[in-house]
>>> print(open('upload-v9.txt').read())   # compact mmCIF, C-alpha atoms and all ligand atoms
# COMPACT_ATOMS: atom_id res chain seq x y z
CA MET A 1 0.00 0.00 0.00
CA ASP A 2 1.47 3.39 -0.86
CA GLY A 3 1.27 6.56 1.21
CA TRP A 4 -1.93 7.62 -0.60
CA GLY A 5 -3.80 4.36 0.00
CA ARG A 6 -3.23 2.79 -3.41
CA GLU A 7 -2.52 -0.92 -3.48
CA ILE A 8 0.54 -1.79 -5.57
CA ARG A 9 -0.09 -4.91 -7.60
CA SER A 10 1.94 -4.49 -10.76
CA VAL A 11 5.64 -4.27 -11.57
CA ARG A 12 7.27 -3.45 -14.90
CA VAL A 13 10.63 -5.12 -15.01
CA SER A 14 13.17 -3.79 -17.48
CA VAL A 15 15.62 -6.47 -18.55
CA THR A 16 17.89 -4.26 -20.66
CA ASP A 17 18.30 -0.60 -21.58
CA ARG A 18 19.44 -1.55 -25.11
CA CYS A 19 17.18 -1.48 -28.11
CA ASN A 20 17.49 -2.47 -31.76
CA PHE A 21 15.20 0.42 -32.81
CA ARG A 22 15.83 4.14 -32.51
CA CYS A 23 12.29 5.50 -32.33
CA ARG A 24 12.43 9.26 -32.70
CA TYR A 25 10.19 9.93 -29.72
CA CYS A 26 12.30 7.69 -27.46
CA MET A 27 15.98 7.52 -28.41
CA PRO A 28 18.53 9.52 -30.42
CA ALA A 29 19.82 8.01 -33.71
CA GLU A 30 23.18 7.17 -32.18
CA GLY A 31 21.62 5.38 -29.20
CA LEU A 32 22.38 6.18 -25.57
CA GLU A 33 25.17 5.32 -23.22
CA TRP A 34 24.40 1.66 -22.45
CA LEU A 35 24.75 0.07 -19.05
CA GLU A 36 27.74 -2.20 -18.53
CA ARG A 37 26.95 -5.91 -18.39
CA ASP A 38 27.66 -6.27 -14.70
CA GLU A 39 25.34 -3.37 -13.93
CA LEU A 40 22.39 -5.37 -15.25
CA LEU A 41 20.56 -7.53 -12.78
CA SER A 42 21.08 -11.22 -13.53
CA PHE A 43 18.07 -13.48 -14.12
CA GLU A 44 18.58 -14.94 -10.66
CA GLU A 45 18.61 -11.46 -9.10
CA LEU A 46 15.51 -10.46 -11.05
CA SER A 47 13.61 -13.53 -10.05
CA ARG A 48 14.57 -13.07 -6.42
CA LEU A 49 13.21 -9.52 -6.44
CA VAL A 50 10.03 -10.66 -8.18
CA ARG A 51 9.59 -13.34 -5.50
CA VAL A 52 9.95 -10.71 -2.78
CA LEU A 53 7.45 -8.42 -4.53
CA ALA A 54 5.00 -11.25 -5.19
CA ALA A 55 5.10 -12.23 -1.51
CA MET A 56 4.11 -8.62 -0.75
CA GLY A 57 1.05 -8.74 -3.05
CA VAL A 58 2.34 -7.82 -6.50
CA ASP A 59 0.61 -10.24 -8.86
CA GLU A 60 1.25 -8.72 -12.28
CA VAL A 61 4.71 -8.73 -13.89
CA ARG A 62 5.47 -7.20 -17.25
CA LEU A 63 8.88 -7.60 -18.87
CA THR A 64 10.09 -4.63 -20.86
CA GLY A 65 13.17 -2.61 -21.80
CA GLY A 66 14.88 -1.23 -23.91
CA GLU A 67 13.94 -4.10 -26.13
CA PRO A 68 13.50 -7.15 -23.89
CA LEU A 69 14.03 -9.63 -26.72
CA VAL A 70 17.62 -8.46 -27.23
CA ARG A 71 18.46 -9.77 -23.76
CA ARG A 72 20.11 -13.12 -24.36
CA ASP A 73 18.13 -16.20 -23.23
CA LEU A 74 15.06 -14.22 -22.23
CA PRO A 75 12.90 -17.40 -22.25
CA ARG A 76 15.01 -18.64 -19.34
CA LEU A 77 13.93 -15.63 -17.28
CA VAL A 78 10.30 -16.30 -18.21
CA GLU A 79 10.79 -19.87 -17.05
CA LEU A 80 12.06 -18.62 -13.69
CA LEU A 81 9.24 -16.10 -13.24
CA ALA A 82 6.20 -18.02 -14.49
CA PRO A 83 6.04 -20.38 -11.48
CA VAL A 84 6.69 -17.71 -8.82
CA PRO A 85 3.89 -18.08 -6.26
CA GLY A 86 1.50 -15.13 -6.51
CA VAL A 87 2.43 -14.11 -10.07
CA ARG A 88 -0.92 -14.35 -11.80
CA ASP A 89 -0.13 -12.39 -14.92
CA LEU A 90 3.23 -12.48 -16.71
CA SER A 91 3.45 -10.43 -19.88
CA LEU A 92 5.96 -8.84 -22.23
CA THR A 93 6.17 -5.57 -24.15
CA THR A 94 8.25 -5.73 -27.31
CA ASN A 95 8.83 -4.00 -30.62
CA GLY A 96 8.20 -7.43 -32.14
CA VAL A 97 11.18 -7.55 -34.47
CA LEU A 98 12.61 -10.74 -32.93
CA LEU A 99 9.26 -12.28 -32.11
CA ASP A 100 9.06 -14.54 -35.14
CA ARG A 101 11.95 -16.51 -33.63
CA LEU A 102 11.14 -16.08 -29.95
CA ALA A 103 7.37 -16.41 -29.64
CA GLU A 104 7.51 -20.20 -29.44
CA PRO A 105 10.26 -20.51 -26.79
CA LEU A 106 8.61 -17.73 -24.78
CA VAL A 107 5.25 -19.50 -24.80
CA ARG A 108 6.94 -22.76 -23.92
CA ALA A 109 8.61 -20.98 -20.99
CA GLY A 110 5.23 -19.79 -19.70
CA LEU A 111 4.54 -16.39 -21.27
CA ARG A 112 0.79 -15.83 -21.60
CA ARG A 113 0.31 -12.29 -22.82
CA ILE A 114 2.09 -9.91 -25.15
CA ASN A 115 2.06 -6.26 -26.21
CA VAL A 116 3.69 -5.32 -29.49
CA SER A 117 4.52 -1.69 -30.23
CA LEU A 118 3.62 -0.61 -33.75
CA ASP A 119 2.98 2.97 -34.79
CA THR A 120 2.17 2.63 -38.49
CA LEU A 121 1.48 0.08 -41.20
CA SER A 122 3.34 2.07 -43.85
CA HIS A 123 6.90 0.92 -44.62
CA VAL A 124 8.14 4.44 -45.28
CA ARG A 125 6.66 5.89 -42.13
CA PHE A 126 7.80 2.92 -40.06
CA ALA A 127 11.38 3.56 -41.15
CA GLU A 128 10.91 7.28 -40.48
CA ILE A 129 9.84 6.67 -36.87
CA THR A 130 12.01 3.73 -35.85
CA ARG A 131 14.99 4.53 -38.12
CA ARG A 132 14.88 0.84 -39.11
CA ASP A 133 13.35 -0.88 -42.12
CA ALA A 134 11.69 -3.65 -40.16
CA LEU A 135 7.92 -3.44 -40.57
CA ASP A 136 7.69 -6.82 -42.32
CA ARG A 137 9.56 -8.52 -39.51
CA VAL A 138 7.29 -6.97 -36.89
CA LEU A 139 4.24 -8.16 -38.82
CA ALA A 140 5.83 -11.60 -39.09
CA GLY A 141 6.40 -11.50 -35.32
CA LEU A 142 2.75 -10.66 -34.73
CA ALA A 143 1.66 -13.45 -37.07
CA GLU A 144 3.86 -15.87 -35.14
CA ALA A 145 2.34 -14.71 -31.84
CA GLU A 146 -1.10 -15.27 -33.34
CA ARG A 147 -0.20 -18.89 -34.06
CA HIS A 148 0.00 -19.48 -30.30
CA PRO A 149 -3.48 -19.42 -28.77
CA GLU A 150 -1.91 -19.44 -25.28
CA LEU A 151 -0.70 -15.90 -25.97
CA ARG A 152 -3.82 -13.78 -25.57
CA PRO A 153 -4.77 -11.03 -25.72
CA ILE A 154 -2.32 -9.71 -28.27
CA LYS A 155 -2.20 -5.95 -27.86
CA VAL A 156 -0.71 -3.59 -30.41
CA ASN A 157 0.41 -0.29 -28.90
CA CYS A 158 0.75 2.84 -30.99
CA VAL A 159 2.24 6.09 -29.67
CA ALA A 160 0.11 8.91 -31.02
CA ILE A 161 1.84 12.08 -32.18
CA LYS A 162 0.03 15.11 -33.53
CA GLY A 163 0.59 15.79 -37.21
CA PHE A 164 1.70 12.21 -37.79
CA THR A 165 -0.63 9.60 -36.35
CA GLU A 166 -3.88 11.03 -37.74
CA ASP A 167 -3.05 9.44 -41.11
CA GLU A 168 -2.28 6.08 -39.49
CA VAL A 169 -5.54 5.82 -37.56
CA PRO A 170 -7.76 4.26 -40.28
CA ALA A 171 -5.27 1.48 -41.10
CA LEU A 172 -4.62 0.72 -37.42
CA ALA A 173 -8.35 0.67 -36.67
CA GLU A 174 -8.79 -1.73 -39.57
CA LEU A 175 -6.03 -3.89 -38.14
CA ALA A 176 -8.08 -4.18 -34.93
CA ARG A 177 -11.09 -5.17 -37.02
CA ARG A 178 -9.49 -7.81 -39.20
CA LYS A 179 -7.01 -9.35 -36.74
CA PRO A 180 -7.38 -10.70 -33.19
CA TYR A 181 -5.34 -7.74 -31.91
CA VAL A 182 -6.49 -5.09 -29.46
CA VAL A 183 -5.06 -1.89 -30.92
CA ARG A 184 -4.34 0.79 -28.33
CA PHE A 185 -3.32 4.38 -28.89
CA ILE A 186 -1.01 5.84 -26.27
CA GLU A 187 -0.51 9.55 -25.79
CA PHE A 188 3.02 10.82 -26.36
CA MET A 189 4.63 11.61 -23.01
CA PRO A 190 7.62 13.78 -22.07
CA LEU A 191 9.94 10.78 -21.84
CA ASP A 192 11.92 11.28 -25.04
CA ALA A 193 15.68 11.22 -24.63
CA ASP A 194 16.22 14.54 -26.39
CA GLY A 195 13.62 16.46 -24.40
CA SER A 196 11.80 17.78 -27.46
CA TRP A 197 8.28 16.89 -26.22
CA ARG A 198 5.78 19.76 -26.36
CA GLY A 199 2.17 19.67 -25.21
CA ASP A 200 1.17 20.51 -28.77
CA ASP A 201 2.67 17.20 -29.98
CA VAL A 202 0.11 15.17 -28.08
CA LEU A 203 -2.68 13.72 -30.17
CA THR A 204 -5.23 12.86 -27.51
CA GLY A 205 -7.19 9.65 -27.26
CA GLY A 206 -10.37 11.73 -27.56
CA GLU A 207 -9.20 13.15 -30.89
CA ILE A 208 -8.37 9.70 -32.24
CA ARG A 209 -11.64 8.29 -31.05
CA ALA A 210 -13.49 11.01 -32.97
CA LEU A 211 -11.50 10.14 -36.10
CA ILE A 212 -12.40 6.46 -35.77
CA GLU A 213 -16.05 7.17 -35.05
CA GLU A 214 -16.38 9.10 -38.31
CA ARG A 215 -16.36 5.65 -39.87
CA TRP A 216 -16.97 3.07 -37.19
CA PRO A 217 -19.08 3.82 -34.10
CA LEU A 218 -17.55 2.60 -30.84
CA VAL A 219 -19.12 1.39 -27.62
CA GLU A 220 -17.24 1.71 -24.33
CA VAL A 221 -16.49 -1.55 -22.51
CA PRO A 222 -15.98 -1.45 -18.74
CA ALA A 223 -12.29 -1.69 -17.78
CA LYS A 224 -10.67 -2.74 -14.49
CA PRO A 225 -10.30 0.28 -12.16
CA SER A 226 -6.50 -0.02 -12.32
CA SER A 227 -6.49 -0.29 -16.11
CA THR A 228 -4.43 2.32 -17.91
CA ALA A 229 -6.65 2.04 -20.98
CA ARG A 230 -10.22 3.01 -21.77
CA ARG A 231 -11.62 0.15 -23.80
CA PHE A 232 -14.05 0.31 -26.70
CA ARG A 233 -15.51 -2.27 -29.04
CA PHE A 234 -16.67 -1.54 -32.55
CA ALA A 235 -20.46 -1.24 -32.46
CA ASP A 236 -20.72 -3.85 -35.23
CA GLY A 237 -18.77 -6.30 -33.05
CA ALA A 238 -15.68 -6.41 -35.28
CA GLY A 239 -12.92 -5.91 -32.68
CA GLU A 240 -11.54 -3.85 -29.79
CA ILE A 241 -9.69 -0.55 -29.54
CA GLY A 242 -8.17 1.10 -26.47
CA PHE A 243 -6.92 4.53 -25.50
CA VAL A 244 -4.21 5.13 -22.94
CA ASN A 245 -4.52 8.81 -22.12
CA PRO A 246 -1.94 9.68 -19.46
CA VAL A 247 -1.76 13.32 -20.57
CA SER A 248 -5.38 14.25 -21.32
CA GLU A 249 -6.99 11.97 -18.73
CA PRO A 250 -4.36 11.08 -16.11
CA PHE A 251 -5.10 7.87 -14.23
CA CYS A 252 -2.66 8.38 -11.36
CA SER A 253 -5.37 8.05 -8.71
CA THR A 254 -5.76 4.37 -9.57
CA CYS A 255 -2.11 3.69 -10.40
CA ASP A 256 -1.03 0.34 -8.98
CA ARG A 257 2.41 0.20 -10.64
CA ILE A 258 6.06 0.31 -9.74
CA ARG A 259 9.05 -0.19 -12.03
CA LEU A 260 12.37 -1.89 -11.75
CA THR A 261 15.07 -0.60 -14.08
CA ALA A 262 17.56 -2.96 -15.70
CA ASP A 263 20.20 -1.78 -13.20
CA GLY A 264 18.05 -2.58 -10.21
CA GLN A 265 16.58 0.80 -9.33
CA LEU A 266 13.02 0.86 -8.07
CA ARG A 267 10.90 3.68 -9.52
CA THR A 268 7.49 4.49 -8.17
CA CYS A 269 6.37 6.61 -11.14
CA LEU A 270 7.40 6.97 -14.79
CA PHE A 271 8.11 10.58 -13.94
CA SER A 272 9.98 9.99 -10.69
CA ARG A 273 12.93 12.25 -10.02
CA ARG A 274 14.15 9.75 -7.47
CA GLU A 275 15.06 6.07 -7.60
CA TRP A 276 15.55 3.53 -4.84
CA ASP A 277 18.56 1.27 -5.23
CA LEU A 278 17.83 -2.42 -4.75
CA LYS A 279 20.88 -3.73 -6.59
CA GLU A 280 23.46 -2.83 -3.98
CA PRO A 281 21.58 -4.32 -1.03
CA LEU A 282 20.78 -7.35 -3.17
CA ARG A 283 24.45 -7.85 -3.96
CA ASN A 284 25.54 -7.11 -0.43
CA GLY A 285 23.59 -9.94 1.10
CA ALA A 286 20.34 -8.27 2.16
CA SER A 287 17.72 -10.75 3.35
CA ASP A 288 14.30 -11.01 1.70
CA GLY A 289 12.86 -9.21 4.71
CA GLU A 290 15.34 -6.34 4.32
CA LEU A 291 14.58 -6.06 0.60
CA ALA A 292 10.86 -6.02 1.40
CA ASP A 293 11.43 -3.23 3.92
CA LEU A 294 13.24 -1.17 1.27
CA VAL A 295 10.39 -1.70 -1.18
CA ARG A 296 7.84 -0.79 1.47
CA PHE A 297 9.71 2.41 2.26
CA ALA A 298 9.97 3.40 -1.42
CA VAL A 299 6.33 2.62 -2.08
CA ARG A 300 5.28 4.71 0.89
CA HIS A 301 6.86 7.64 -0.96
CA LYS A 302 5.15 6.96 -4.29
CA GLU A 303 4.23 10.18 -6.04
CA LEU A 304 0.59 11.27 -5.80
CA LYS A 305 0.51 12.06 -9.52
CA HIS A 306 2.58 13.11 -12.48
CA LYS A 307 2.56 16.82 -13.13
CA ILE A 308 2.81 16.88 -16.92
CA ASN A 309 0.03 19.42 -17.23
CA GLU A 310 1.27 21.70 -14.46
CA ALA A 311 3.47 24.76 -14.68
CA GLY A 312 7.07 23.96 -13.78
CA PHE A 313 6.82 20.27 -14.76
CA VAL A 314 10.29 18.72 -14.62
CA PRO A 315 10.86 15.76 -16.99
CA ALA A 316 11.93 12.41 -15.57
CA SER A 317 15.58 11.80 -14.84
CA ARG A 318 15.82 9.08 -17.53
CA SER A 319 14.16 8.41 -20.87
CA MET A 320 11.49 5.76 -21.49
CA SER A 321 13.94 3.18 -22.80
CA GLN A 322 16.19 3.60 -19.77
CA ILE A 323 13.32 3.35 -17.31
CA GLY A 324 11.43 0.52 -18.92
CA GLY A 325 8.22 1.59 -20.58
N1 LIG B 401 11.07 -2.01 -26.88
C1 LIG B 401 9.82 -2.42 -26.31
C2 LIG B 401 8.68 -1.89 -27.14
O1 LIG B 401 8.91 -1.32 -28.19
O2 LIG B 401 7.52 -2.09 -26.72
C3 LIG B 401 9.62 -2.06 -24.84
C4 LIG B 401 10.13 -0.74 -24.35
S1 LIG B 401 9.40 0.67 -25.11
C5 LIG B 401 10.23 1.98 -24.25
C6 LIG B 401 7.77 0.61 -24.43
C7 LIG B 401 6.75 1.51 -25.05
O3 LIG B 401 7.03 2.84 -24.74
C8 LIG B 401 6.67 1.42 -26.56
O4 LIG B 401 5.33 1.18 -26.95
C9 LIG B 401 7.10 2.81 -27.00
O5 LIG B 401 6.46 3.17 -28.20
C10 LIG B 401 6.64 3.63 -25.83
N2 LIG B 401 7.27 4.95 -25.72
C11 LIG B 401 8.56 5.28 -25.87
N3 LIG B 401 8.76 6.61 -25.70
C12 LIG B 401 7.52 7.11 -25.43
C13 LIG B 401 7.05 8.43 -25.15
N4 LIG B 401 7.88 9.47 -25.13
N5 LIG B 401 5.73 8.59 -24.91
C14 LIG B 401 4.89 7.53 -24.93
N6 LIG B 401 5.27 6.28 -25.18
C15 LIG B 401 6.58 6.07 -25.43
>>> encode(input="upload-v9.txt", output="structure tokens")
Amino acid sequence: MDGWGREIRSVRVSVTDRCNFRCRYCMPAEGLEWLERDELLSFEELSRLVRVLAAMGVDEVRLTGGEPLVRRDLPRLVELLAPVPGVRDLSLTTNGVLLDRLAEPLVRAGLRRINVSLDTLSHVRFAEITRRDALDRVLAGLAEAERHPELRPIKVNCVAIKGFTEDEVPALAELARRKPYVVRFIEFMPLDADGSWRGDDVLTGGEIRALIEERWPLVEVPAKPSSTARRFRFADGAGEIGFVNPVSEPFCSTCDRIRLTADGQLRTCLFSRREWDLKEPLRNGASDGELADLVRFAVRHKELKHKINEAGFVPASRSMSQIGG
């Protein structure tokens, strides 16, 4: 329970800060300064921390990065985490480019849910955003995920940027209609490495919804209180769309999340200015009880809300890929 009475049930675990894409809204073309190998938590260290968290009531674990699939042997980590008592929901967020090869071993290891990031279905625009010519491989990765019925739902996440994403909306909405994918639009947040985010760059979920409804009426579906997304189904029953609106409709009051960076820092908000080191105590022989006390202390200080829309907002101390989005 945090200091504001919110129950913490979900952890996003970053397994690497490295990525094989260079999305413009996330990372500079030349990449960032990567963590050294020994700074990364090992799979054993990660699974120990997840065990400690699960024993405290965290039941949802999402693996992320950087690009989690570039971490060598990731299925082995999934194998360690899937049986942890209390972990009810183990999922992965990926850019999908290595998924055609890894979907099967991941499912075999116990992965049951996946989110694939995809901002456009146009080859040219895909290369423009990610600085990689890899759309076909991402689509192949999605198709491979689809071949595994254990892996559901498949969510496709699209970061919405004003002046860009409007043109992508019809094709992405159609993707949600013709494929078993829940397509979700996520508002652009001030987490880009080069700090170029401006409020005017945000294409809100409300604006996208209006664009979709010009063609296909939507009906809202109730979502879990802690859900980050507002869910809608097409009125004709053809599929599901979601909107994650952290800027225009902040959902901090029901936030149940904490994050663990690849170098073992606990963050209680995407926009935290402060991190709580778990790596050093972990490596210096702290007991499970001592680690739990550190987590409890950090969680007690969880931020009430992000302040993106307030005067004097100070961006987070690290970019999305370094935190683990
Ligand atoms: N590489 C994986 C992927 O592509 O899903 C996992 C990490 S990535 C940082 C997680 C998500 O954060 C992606 O969907 C990405 O598009 C999104 N993201 C990155 N920078 C963002 C920003 N400034 N605002 C909103 N979402 C962002």
>>> atom_distance(input="upload-v9.txt", atom1="atom CA of Cys255 of chain A", atom2="atom CA of Ser226 of chain A")
6.1 Å
>>> closest_residue(input="upload-v9.txt", among="A:Gly195, A:Pro225, A:Gly110, A:Gly96", to="Arg6 of chain A", atoms="all atoms listed in the file")
A:Pro225
>>> residues_near_point(input="upload-v9.txt", point="(15.9, -17.8, -10.3)", cutoff="9 Å", atoms="only C-alpha atoms", output="PyMOL selection string")
chain A and resi 42-48+77+79-81
>>> closest_residue(input="upload-v9.txt", among="A:Glu174, A:Glu7, A:Asp167, A:Glu303", to="Arg267 of chain A", atoms="only C-alpha atoms")
A:Glu303
>>> residues_near_ligand(input="upload-v9.txt", ligand="ligand LIG 401 (chain B)", cutoff="7 Å", atoms="all atoms listed in the file", output="count of residues only")
28
>>> residues_around(input="upload-v9.txt", residues="Arg296 of chain A", least_positions_apart="6", cutoff="10 Å", atoms="all atoms listed in the file", output="number ranges by chain")
A: 1-3, 53, 56, 290
>>> residues_around(input="upload-v9.txt", residues="Phe126 of chain A", least_positions_apart="2", cutoff="12 Å", atoms="all atoms listed in the file", output="PyMOL selection string")
chain A and resi 21-24+95+117-124+128-139+158+164-165+168
>>> write_last_selection(input="upload-v9.txt", atoms="C-alpha atoms", output="PDB file, keeping the file's coordinate frame")
ATOM      1  CA  PHE A  21      15.200   0.420 -32.810  1.00  0.00           C
ATOM      2  CA  ARG A  22      15.830   4.140 -32.510  1.00  0.00           C
ATOM      3  CA  CYS A  23      12.290   5.500 -32.330  1.00  0.00           C
ATOM      4  CA  ARG A  24      12.430   9.260 -32.700  1.00  0.00           C
ATOM      5  CA  ASN A  95       8.830  -4.000 -30.620  1.00  0.00           C
ATOM      6  CA  SER A 117       4.520  -1.690 -30.230  1.00  0.00           C
ATOM      7  CA  LEU A 118       3.620  -0.610 -33.750  1.00  0.00           C
ATOM      8  CA  ASP A 119       2.980   2.970 -34.790  1.00  0.00           C
ATOM      9  CA  THR A 120       2.170   2.630 -38.490  1.00  0.00           C
ATOM     10  CA  LEU A 121       1.480   0.080 -41.200  1.00  0.00           C
ATOM     11  CA  SER A 122       3.340   2.070 -43.850  1.00  0.00           C
ATOM     12  CA  HIS A 123       6.900   0.920 -44.620  1.00  0.00           C
ATOM     13  CA  VAL A 124       8.140   4.440 -45.280  1.00  0.00           C
ATOM     14  CA  GLU A 128      10.910   7.280 -40.480  1.00  0.00           C
ATOM     15  CA  ILE A 129       9.840   6.670 -36.870  1.00  0.00           C
ATOM     16  CA  THR A 130      12.010   3.730 -35.850  1.00  0.00           C
ATOM     17  CA  ARG A 131      14.990   4.530 -38.120  1.00  0.00           C
ATOM     18  CA  ARG A 132      14.880   0.840 -39.110  1.00  0.00           C
ATOM     19  CA  ASP A 133      13.350  -0.880 -42.120  1.00  0.00           C
ATOM     20  CA  ALA A 134      11.690  -3.650 -40.160  1.00  0.00           C
ATOM     21  CA  LEU A 135       7.920  -3.440 -40.570  1.00  0.00           C
ATOM     22  CA  ASP A 136       7.690  -6.820 -42.320  1.00  0.00           C
ATOM     23  CA  ARG A 137       9.560  -8.520 -39.510  1.00  0.00           C
ATOM     24  CA  VAL A 138       7.290  -6.970 -36.890  1.00  0.00           C
ATOM     25  CA  LEU A 139       4.240  -8.160 -38.820  1.00  0.00           C
ATOM     26  CA  CYS A 158       0.750   2.840 -30.990  1.00  0.00           C
ATOM     27  CA  PHE A 164       1.700  12.210 -37.790  1.00  0.00           C
ATOM     28  CA  THR A 165      -0.630   9.600 -36.350  1.00  0.00           C
ATOM     29  CA  GLU A 168      -2.280   6.080 -39.490  1.00  0.00           C
TER      30      GLU A 168
END
>>> build_atoms(input="upload-v9.txt", residues="segment 35-42 of chain A", atoms="all heavy atoms", output="JSON list (two decimals), keeping the file's coordinate frame")
[["chain", "number", "residue", "atom", "x", "y", "z"],
["A", 35, "LEU", "N", 24.24, 0.61, -20.32],
["A", 35, "LEU", "CA", 24.75, 0.07, -19.05],
["A", 35, "LEU", "C", 25.81, -1.00, -19.34],
["A", 35, "LEU", "O", 25.72, -1.71, -20.33],
["A", 35, "LEU", "CB", 23.61, -0.58, -18.27],
["A", 35, "LEU", "CG", 22.50, 0.34, -17.76],
["A", 35, "LEU", "CD1", 21.31, -0.49, -17.28],
["A", 35, "LEU", "CD2", 23.02, 1.25, -16.65],
["A", 36, "GLU", "N", 26.76, -1.10, -18.44],
["A", 36, "GLU", "CA", 27.74, -2.20, -18.53],
["A", 36, "GLU", "C", 27.03, -3.51, -18.15],
["A", 36, "GLU", "O", 26.07, -3.48, -17.37],
["A", 36, "GLU", "CB", 28.89, -1.98, -17.54],
["A", 36, "GLU", "CG", 29.71, -0.73, -17.77],
["A", 36, "GLU", "CD", 30.57, -0.81, -19.02],
["A", 36, "GLU", "OE1", 30.87, -1.93, -19.46],
["A", 36, "GLU", "OE2", 30.92, 0.26, -19.55],
["A", 37, "ARG", "N", 27.57, -4.60, -18.64],
["A", 37, "ARG", "CA", 26.95, -5.91, -18.39],
["A", 37, "ARG", "C", 26.74, -6.20, -16.91],
["A", 37, "ARG", "O", 25.68, -6.67, -16.50],
["A", 37, "ARG", "CB", 27.83, -7.01, -18.99],
["A", 37, "ARG", "CG", 27.06, -7.89, -19.91],
["A", 37, "ARG", "CD", 27.71, -9.22, -20.17],
["A", 37, "ARG", "NE", 26.84, -10.30, -19.75],
["A", 37, "ARG", "CZ", 25.61, -10.50, -20.21],
["A", 37, "ARG", "NH1", 25.09, -9.70, -21.11],
["A", 37, "ARG", "NH2", 24.87, -11.50, -19.78],
["A", 38, "ASP", "N", 27.79, -5.90, -16.11],
["A", 38, "ASP", "CA", 27.66, -6.27, -14.70],
["A", 38, "ASP", "C", 26.74, -5.33, -13.92],
["A", 38, "ASP", "O", 26.44, -5.56, -12.76],
["A", 38, "ASP", "CB", 29.05, -6.37, -14.04],
["A", 38, "ASP", "CG", 29.74, -5.02, -14.04],
["A", 38, "ASP", "OD1", 29.27, -4.10, -14.75],
["A", 38, "ASP", "OD2", 30.75, -4.87, -13.32],
["A", 39, "GLU", "N", 26.32, -4.25, -14.60],
["A", 39, "GLU", "CA", 25.34, -3.37, -13.93],
["A", 39, "GLU", "C", 23.92, -3.93, -14.05],
["A", 39, "GLU", "O", 23.03, -3.57, -13.29],
["A", 39, "GLU", "CB", 25.37, -1.97, -14.57],
["A", 39, "GLU", "CG", 26.63, -1.18, -14.26],
["A", 39, "GLU", "CD", 26.62, 0.16, -14.97],
["A", 39, "GLU", "OE1", 26.99, 0.20, -16.16],
["A", 39, "GLU", "OE2", 26.22, 1.13, -14.34],
["A", 40, "LEU", "N", 23.72, -4.78, -15.06],
["A", 40, "LEU", "CA", 22.39, -5.37, -15.25],
["A", 40, "LEU", "C", 22.11, -6.41, -14.18],
["A", 40, "LEU", "O", 23.00, -7.20, -13.85],
["A", 40, "LEU", "CB", 22.31, -6.10, -16.60],
["A", 40, "LEU", "CG", 22.44, -5.29, -17.88],
["A", 40, "LEU", "CD1", 22.26, -6.23, -19.08],
["A", 40, "LEU", "CD2", 21.40, -4.19, -17.92],
["A", 41, "LEU", "N", 20.90, -6.45, -13.70],
["A", 41, "LEU", "CA", 20.56, -7.53, -12.78],
["A", 41, "LEU", "C", 20.57, -8.85, -13.53],
["A", 41, "LEU", "O", 20.13, -8.91, -14.69],
["A", 41, "LEU", "CB", 19.18, -7.30, -12.17],
["A", 41, "LEU", "CG", 19.01, -6.10, -11.24],
["A", 41, "LEU", "CD1", 17.65, -6.17, -10.55],
["A", 41, "LEU", "CD2", 20.12, -6.00, -10.20],
["A", 42, "SER", "N", 21.08, -9.88, -12.91],
["A", 42, "SER", "CA", 21.08, -11.22, -13.53],
["A", 42, "SER", "C", 19.66, -11.78, -13.44],
["A", 42, "SER", "O", 18.81, -11.26, -12.69],
["A", 42, "SER", "CB", 22.03, -12.14, -12.78],
["A", 42, "SER", "OG", 21.51, -12.39, -11.48]]
